[in-house]
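File shown: final_31.cif (mmCIF, C-alpha atoms).
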data_data
loop_
_atom_site.label_atom_id
_atom_site.label_comp_id
_atom_site.auth_asym_id
_atom_site.auth_seq_id
_atom_site.Cartn_x
_atom_site.Cartn_y
_atom_site.Cartn_z
CA MET L 2 142.84 104.36 77.83
CA ILE L 3 142.25 107.53 79.85
CA LYS L 4 140.83 106.81 83.31
CA ALA L 5 138.52 109.68 84.24
CA ALA L 6 136.48 110.91 87.19
CA ILE L 7 133.61 113.38 87.11
CA ILE L 8 132.85 115.29 90.29
CA THR L 9 129.61 117.27 90.31
CA VAL L 10 129.70 120.07 92.87
CA SER L 11 126.16 121.05 93.81
CA ASP L 12 124.47 121.54 97.16
CA LYS L 13 121.06 120.71 95.66
CA GLY L 14 122.43 117.73 93.76
CA ALA L 15 124.11 116.34 96.87
CA ARG L 16 120.79 116.64 98.75
CA GLY L 17 118.91 114.89 95.92
CA GLU L 18 116.95 118.02 95.03
CA ARG L 19 118.40 118.37 91.52
CA ILE L 20 119.21 115.81 88.85
CA ASP L 21 122.78 116.01 87.60
CA LEU L 22 122.69 116.75 83.88
CA SER L 23 126.25 118.05 83.52
CA GLY L 24 127.98 114.85 84.63
CA PRO L 25 126.32 112.68 81.95
CA GLU L 26 127.04 115.31 79.29
CA ILE L 27 130.71 115.35 80.29
CA ALA L 28 130.80 111.54 80.21
CA ARG L 29 129.33 111.55 76.71
CA LEU L 30 132.03 113.92 75.47
CA LEU L 31 134.81 111.95 77.15
CA GLY L 32 133.59 108.90 75.26
CA THR L 33 134.61 110.63 72.02
CA ILE L 34 138.27 110.39 73.09
CA GLY L 35 137.93 106.85 74.41
CA ALA L 36 138.03 107.75 78.09
CA GLU L 37 136.68 105.32 80.67
CA ILE L 38 134.72 106.89 83.52
CA ILE L 39 135.92 105.03 86.60
CA HIS L 40 134.35 107.28 89.25
CA THR L 41 131.54 109.80 89.61
CA ALA L 42 130.39 111.73 92.64
CA ILE L 43 127.89 114.43 93.53
CA ILE L 44 129.11 116.48 96.47
CA PRO L 45 128.14 119.74 98.21
CA ASP L 46 129.84 123.11 97.66
CA GLU L 47 132.25 122.68 100.57
CA LYS L 48 135.93 123.46 100.02
CA GLU L 49 137.24 120.63 102.20
CA THR L 50 134.88 118.07 100.65
CA ILE L 51 135.83 119.08 97.11
CA ALA L 52 139.55 119.01 97.92
CA ALA L 53 139.24 115.58 99.55
CA GLU L 54 137.33 114.16 96.58
CA ILE L 55 139.94 115.43 94.12
CA CYS L 56 142.73 113.94 96.26
CA GLU L 57 140.88 110.61 96.46
CA CYS L 58 140.57 110.49 92.67
CA ALA L 59 144.19 111.47 92.06
CA ASP L 60 145.98 109.67 94.87
CA VAL L 61 143.89 106.56 95.52
CA ARG L 62 141.89 105.88 92.36
CA GLY L 63 144.74 106.83 90.02
CA CYS L 64 142.60 108.87 87.65
CA ASP L 65 144.38 110.39 84.67
CA LEU L 66 141.71 113.06 84.29
CA ILE L 67 139.50 114.61 86.96
CA LEU L 68 136.75 116.95 85.82
CA THR L 69 134.71 118.97 88.27
CA THR L 70 131.46 120.60 87.22
CA GLY L 71 129.94 123.42 89.23
CA GLY L 72 131.08 126.00 91.74
CA THR L 73 133.24 128.05 89.36
CA GLY L 74 131.30 131.32 89.39
CA VAL L 75 131.14 134.28 91.73
CA SER L 76 128.36 133.22 94.10
CA PRO L 77 129.32 132.97 97.78
CA ARG L 78 129.09 129.13 97.71
CA ASP L 79 131.27 128.82 94.56
CA VAL L 80 134.52 127.48 96.01
CA THR L 81 135.62 124.82 93.52
CA PRO L 82 138.63 126.84 92.23
CA GLU L 83 139.85 127.47 95.79
CA ALA L 84 139.49 123.79 96.65
CA THR L 85 141.32 122.79 93.49
CA LEU L 86 144.11 125.30 94.01
CA SER L 87 144.64 123.95 97.54
CA VAL L 88 145.51 120.46 96.24
CA ILE L 89 147.24 120.88 92.88
CA ASP L 90 150.99 120.93 92.38
CA ARG L 91 151.01 123.07 89.21
CA THR L 92 148.50 125.14 87.28
CA ILE L 93 147.90 124.98 83.52
CA PRO L 94 146.58 128.48 82.78
CA GLY L 95 146.21 127.92 79.04
CA LEU L 96 143.39 125.42 79.44
CA ALA L 97 141.29 127.72 81.62
CA GLU L 98 142.09 130.71 79.40
CA GLU L 99 140.95 128.83 76.29
CA MET L 100 137.73 127.69 77.98
CA ARG L 101 136.90 131.28 78.91
CA ARG L 102 137.86 132.60 75.48
CA ALA L 103 135.75 130.05 73.62
CA SER L 104 132.80 130.45 75.97
CA ALA L 105 132.95 134.26 75.79
CA THR L 106 132.12 134.06 72.08
CA LYS L 107 128.73 132.69 73.17
CA THR L 108 127.98 134.58 76.41
CA PRO L 109 129.51 137.50 78.30
CA HIS L 110 128.85 135.52 81.51
CA ALA L 111 131.91 133.42 80.63
CA LEU L 112 134.01 136.31 81.87
CA LEU L 113 132.79 135.55 85.40
CA SER L 114 134.25 132.04 85.36
CA ARG L 115 137.01 131.39 87.88
CA ALA L 116 137.62 127.84 86.62
CA LEU L 117 141.17 126.59 86.58
CA ALA L 118 143.19 123.60 85.48
CA GLY L 119 146.17 121.95 87.05
CA ILE L 120 148.12 118.84 87.90
CA ARG L 121 148.24 116.76 91.07
CA ASN L 122 150.75 113.92 90.92
CA LYS L 123 149.96 112.36 87.53
CA SER L 124 146.36 113.60 87.28
CA LEU L 125 145.03 116.45 85.15
CA ILE L 126 142.28 118.37 86.96
CA ILE L 127 139.94 120.76 85.15
CA ASN L 128 137.08 122.82 86.57
CA LEU L 129 134.01 123.15 84.32
CA PRO L 130 130.84 125.20 84.76
CA GLY L 131 127.82 123.56 86.38
CA SER L 132 125.32 123.89 83.54
CA PRO L 133 125.26 121.12 80.91
CA LYS L 134 125.63 123.70 78.11
CA GLY L 135 128.51 125.49 79.82
CA ALA L 136 130.26 122.25 80.72
CA ARG L 137 129.92 120.98 77.15
CA GLU L 138 131.13 124.20 75.52
CA ASN L 139 134.10 124.52 77.88
CA LEU L 140 135.14 120.89 77.57
CA GLU L 141 134.81 120.96 73.77
CA ALA L 142 137.23 123.92 73.71
CA VAL L 143 140.06 121.91 75.30
CA LEU L 144 139.14 118.30 74.50
CA PRO L 145 141.56 117.94 71.55
CA ALA L 146 144.52 118.82 73.80
CA LEU L 147 143.67 116.43 76.64
CA PRO L 148 145.08 113.10 75.40
CA HIS L 149 148.45 114.70 74.66
CA ALA L 150 148.45 116.60 77.96
CA ILE L 151 147.73 113.40 79.89
CA GLU L 152 150.51 111.52 78.06
CA LYS L 153 153.00 114.25 78.97
CA ILE L 154 151.84 114.39 82.60
CA LYS L 155 152.32 110.64 82.85
CA GLY L 156 155.91 111.05 81.64
CA ASP L 157 155.82 110.48 77.87
CA PRO L 158 159.36 111.46 76.75
CA THR L 159 158.42 112.05 73.10
CA ASP L 160 159.12 115.56 71.86
CA CYS L 161 155.86 117.48 71.48
CA GLY L 162 156.47 118.12 67.77
CA GLU L 163 157.05 114.41 67.18
CA ALA L 164 153.92 113.39 69.08
CA ILE L 165 151.67 115.57 66.92
CA SER L 166 152.92 114.40 63.51
#
Same coordinates, now as structure tokens:
Amino acid sequence: MIKAAIITVSDKGARGERIDLSGPEIARLLGTIGAEIIHTAIIPDEKETIAAEICECADVRGCDLILTTGGTGVSPRDVTPEATLSVIDRTIPGLAEEMRRASATKTPHALLSRALAGIRNKSLIINLPGSPKGARENLEAVLPALPHAIEKIKGDPTDCGEAIS
């Protein structure tokens, strides 16, 4: 069972001025791979707050998968990638590249995404866009790879070729 957290990054959401639609959409998709959502949060677009929430999920809650939604664009308040980069141990460029590639087939705005993916301790962290449609499309692009990635991050010694067969 994959233990997952969903962190919605939104100033308006954190103030109660906007209903979070992306978080529930992400949770729905995670259900298709049997993930259990053990934590959700709606926090403001503040680098230190985002970084602290990711660390809490990875280090204290023991989440296998931490998905952020929001703050990945080019607006001045979009700081989720910087916050994530400040707390991860290693990046996984292929996940972010695939999300952008898949999304760019639908909208040229995907090219403005600064989302990234990486590892902290034994947690996989992925930044997703803030819109429900963008979050869904990006997550769908990488969802098939996530269970295997999480197994490997947690130390599964099986050769990758053997695990797939």
* Asked: With all atoms listed in the file as the atoms that count, which of L:Pro25, L:Gly14, L:Gly131, L:Gly35 lies nearest to Leu144 of chain L?
  ->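 The shortest atom-to-atom distance to Leu144 of chain L comes from L:Gly35.
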* Report the residues retrieved by the PyMOL selection byres ((chain L and resi 87) around 12) from the displayed file, expressed as an MDAnalysis selection string. => chainID L and resid 48:53 55:56 80:86 88:92 117 119:121
* **Hits from the PyMOL selection byres ((chain L and resi 107-111) around 12), listed as a ChimeraX atom specification** => /L:73-75,97-106,112-116,129-130,132,134-136,138-139
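Restricting the calculation to only C-alpha atoms, the smallest distance between Lys4 of chain L and any of L:Cys161, L:Gly71, L:Cys58, L:Ala36 is found for L:Ala36.
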* Just the residues within 9 Å of Ile67 of chain L, please, counting only C-alpha atoms, with nothing from its chain fewer than 5 positions along; format it as a PyMOL selection string. => chain L and resi 4-8+55+58-59+124-128
At a cut-off of 8 Å, using all atoms listed in the file, what residues contact Ala15 of chain L? Leave out same-chain residues fewer than 6 positions from it and give the result as a PDB file with C-alpha atoms, in the frame of the given file.
ATOM      1  CA  ILE L  43     127.890 114.430  93.530  1.00  0.00           C
ATOM      2  CA  ILE L  44     129.110 116.480  96.470  1.00  0.00           C
ATOM      3  CA  PRO L  45     128.140 119.740  98.210  1.00  0.00           C
TER       4      PRO L  45
END
* Can you turn the PyMOL selection byres ((chain L and resi 46) around 6) into a concrete residue list for this file, as a list in words? =>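 Written out, the selection comes to Val10, Ser11, Asp12, Pro45 and Glu47 of chain L.
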* Could you work out how far atom CA of Ile34 of chain L lies from atom CA of Thr159 of chain L, giving the answer in Å with one decimal? ->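 So the two atoms, atom CA of Thr159 of chain L and atom CA of Ile34 of chain L, lie 20.2 Å apart.
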* To do: Name all residues at most 12 Å from Glu37 of chain L (count only C-alpha atoms; drop same-chain ones fewer than 3 positions away) and give them as a list in words.
  => Met2, Ile3, Lys4, Ala5, Ala6, Ile7, Ile27, Ala28, Arg29, Leu30, Leu31, Gly32, Thr33, Ile34, His40, Thr41, Cys64, Asp65, Leu66 and Ile67 of chain L
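As for atom CA of Ala42 of chain L and atom CA of Arg62 of chain L, they are spaced 12.9 Å apart.
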* To do: Find the distance between atom CA of Gly72 of chain L and atom CA of Ile154 of chain L and write it in Å to one decimal.
  =>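 Result for atom CA of Gly72 of chain L versus atom CA of Ile154 of chain L: 25.5 Å, one decimal.
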* Between L:Lys123, L:Lys155, L:Arg137, L:Arg78, which has the minimum distance to Asp60 of chain L (counting all atoms listed in the file)? ->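 The closest residue to Asp60 of chain L is L:Lys123.
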Counting all atoms listed in the file, which residues have an atom no more than 6 Å from (144.7, 124.9, 81.3) in the file's coordinates? Please list them as a tab-separated table (two decimals) with C-alpha atoms, in the frame of the given file.
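Saved to selection-v4.tsv:
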chain	number	residue	atom	x	y	z
L	93	ILE	CA	147.90	124.98	83.52
L	94	PRO	CA	146.58	128.48	82.78
L	95	GLY	CA	146.21	127.92	79.04
L	96	LEU	CA	143.39	125.42	79.44
L	97	ALA	CA	141.29	127.72	81.62
L	118	ALA	CA	143.19	123.60	85.48
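Distances from L:Thr69, L:Arg16, L:Ile38, L:Asn122 to Ile151 of chain L were compared using all atoms listed in the file, and the smallest one belongs to L:Asn122.
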Complete the atom set of segment 92-104 of chain L to N, CA and C atoms and return it as an mmCIF file, in the frame of the given file.
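For reference, result17.cif as written:
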data_model
loop_
_atom_site.group_PDB
_atom_site.id
_atom_site.type_symbol
_atom_site.label_atom_id
_atom_site.label_comp_id
_atom_site.auth_asym_id
_atom_site.auth_seq_id
_atom_site.Cartn_x
_atom_site.Cartn_y
_atom_site.Cartn_z
ATOM 1 N N THR L 92 149.645 124.703 88.068
ATOM 2 C CA THR L 92 148.500 125.140 87.280
ATOM 3 C C THR L 92 148.828 125.028 85.788
ATOM 4 N N ILE L 93 147.776 124.943 84.978
ATOM 5 C CA ILE L 93 147.900 124.980 83.520
ATOM 6 C C ILE L 93 146.978 126.101 83.040
ATOM 7 N N PRO L 94 147.440 127.338 83.099
ATOM 8 C CA PRO L 94 146.580 128.480 82.780
ATOM 9 C C PRO L 94 145.973 128.444 81.384
ATOM 10 N N GLY L 95 146.708 127.911 80.411
ATOM 11 C CA GLY L 95 146.210 127.920 79.040
ATOM 12 C C GLY L 95 144.885 127.217 78.848
ATOM 13 N N LEU L 96 144.655 126.136 79.574
ATOM 14 C CA LEU L 96 143.390 125.420 79.440
ATOM 15 C C LEU L 96 142.221 126.281 79.915
ATOM 16 N N ALA L 97 142.363 126.878 81.090
ATOM 17 C CA ALA L 97 141.290 127.720 81.620
ATOM 18 C C ALA L 97 141.094 128.966 80.748
ATOM 19 N N GLU L 98 142.190 129.529 80.266
ATOM 20 C CA GLU L 98 142.090 130.710 79.400
ATOM 21 C C GLU L 98 141.327 130.375 78.120
ATOM 22 N N GLU L 99 141.633 129.223 77.522
ATOM 23 C CA GLU L 99 140.950 128.830 76.290
ATOM 24 C C GLU L 99 139.477 128.543 76.540
ATOM 25 N N MET L 100 139.145 127.937 77.666
ATOM 26 C CA MET L 100 137.730 127.690 77.980
ATOM 27 C C MET L 100 136.976 129.014 78.082
ATOM 28 N N ARG L 101 137.557 129.975 78.783
ATOM 29 C CA ARG L 101 136.900 131.280 78.910
ATOM 30 C C ARG L 101 136.795 131.986 77.569
ATOM 31 N N ARG L 102 137.870 131.934 76.775
ATOM 32 C CA ARG L 102 137.860 132.600 75.480
ATOM 33 C C ARG L 102 136.768 132.022 74.579
ATOM 34 N N ALA L 103 136.732 130.709 74.477
ATOM 35 C CA ALA L 103 135.750 130.050 73.620
ATOM 36 C C ALA L 103 134.329 130.318 74.108
ATOM 37 N N SER L 104 134.136 130.245 75.401
ATOM 38 C CA SER L 104 132.800 130.450 75.970
ATOM 39 C C SER L 104 132.349 131.909 75.834
#
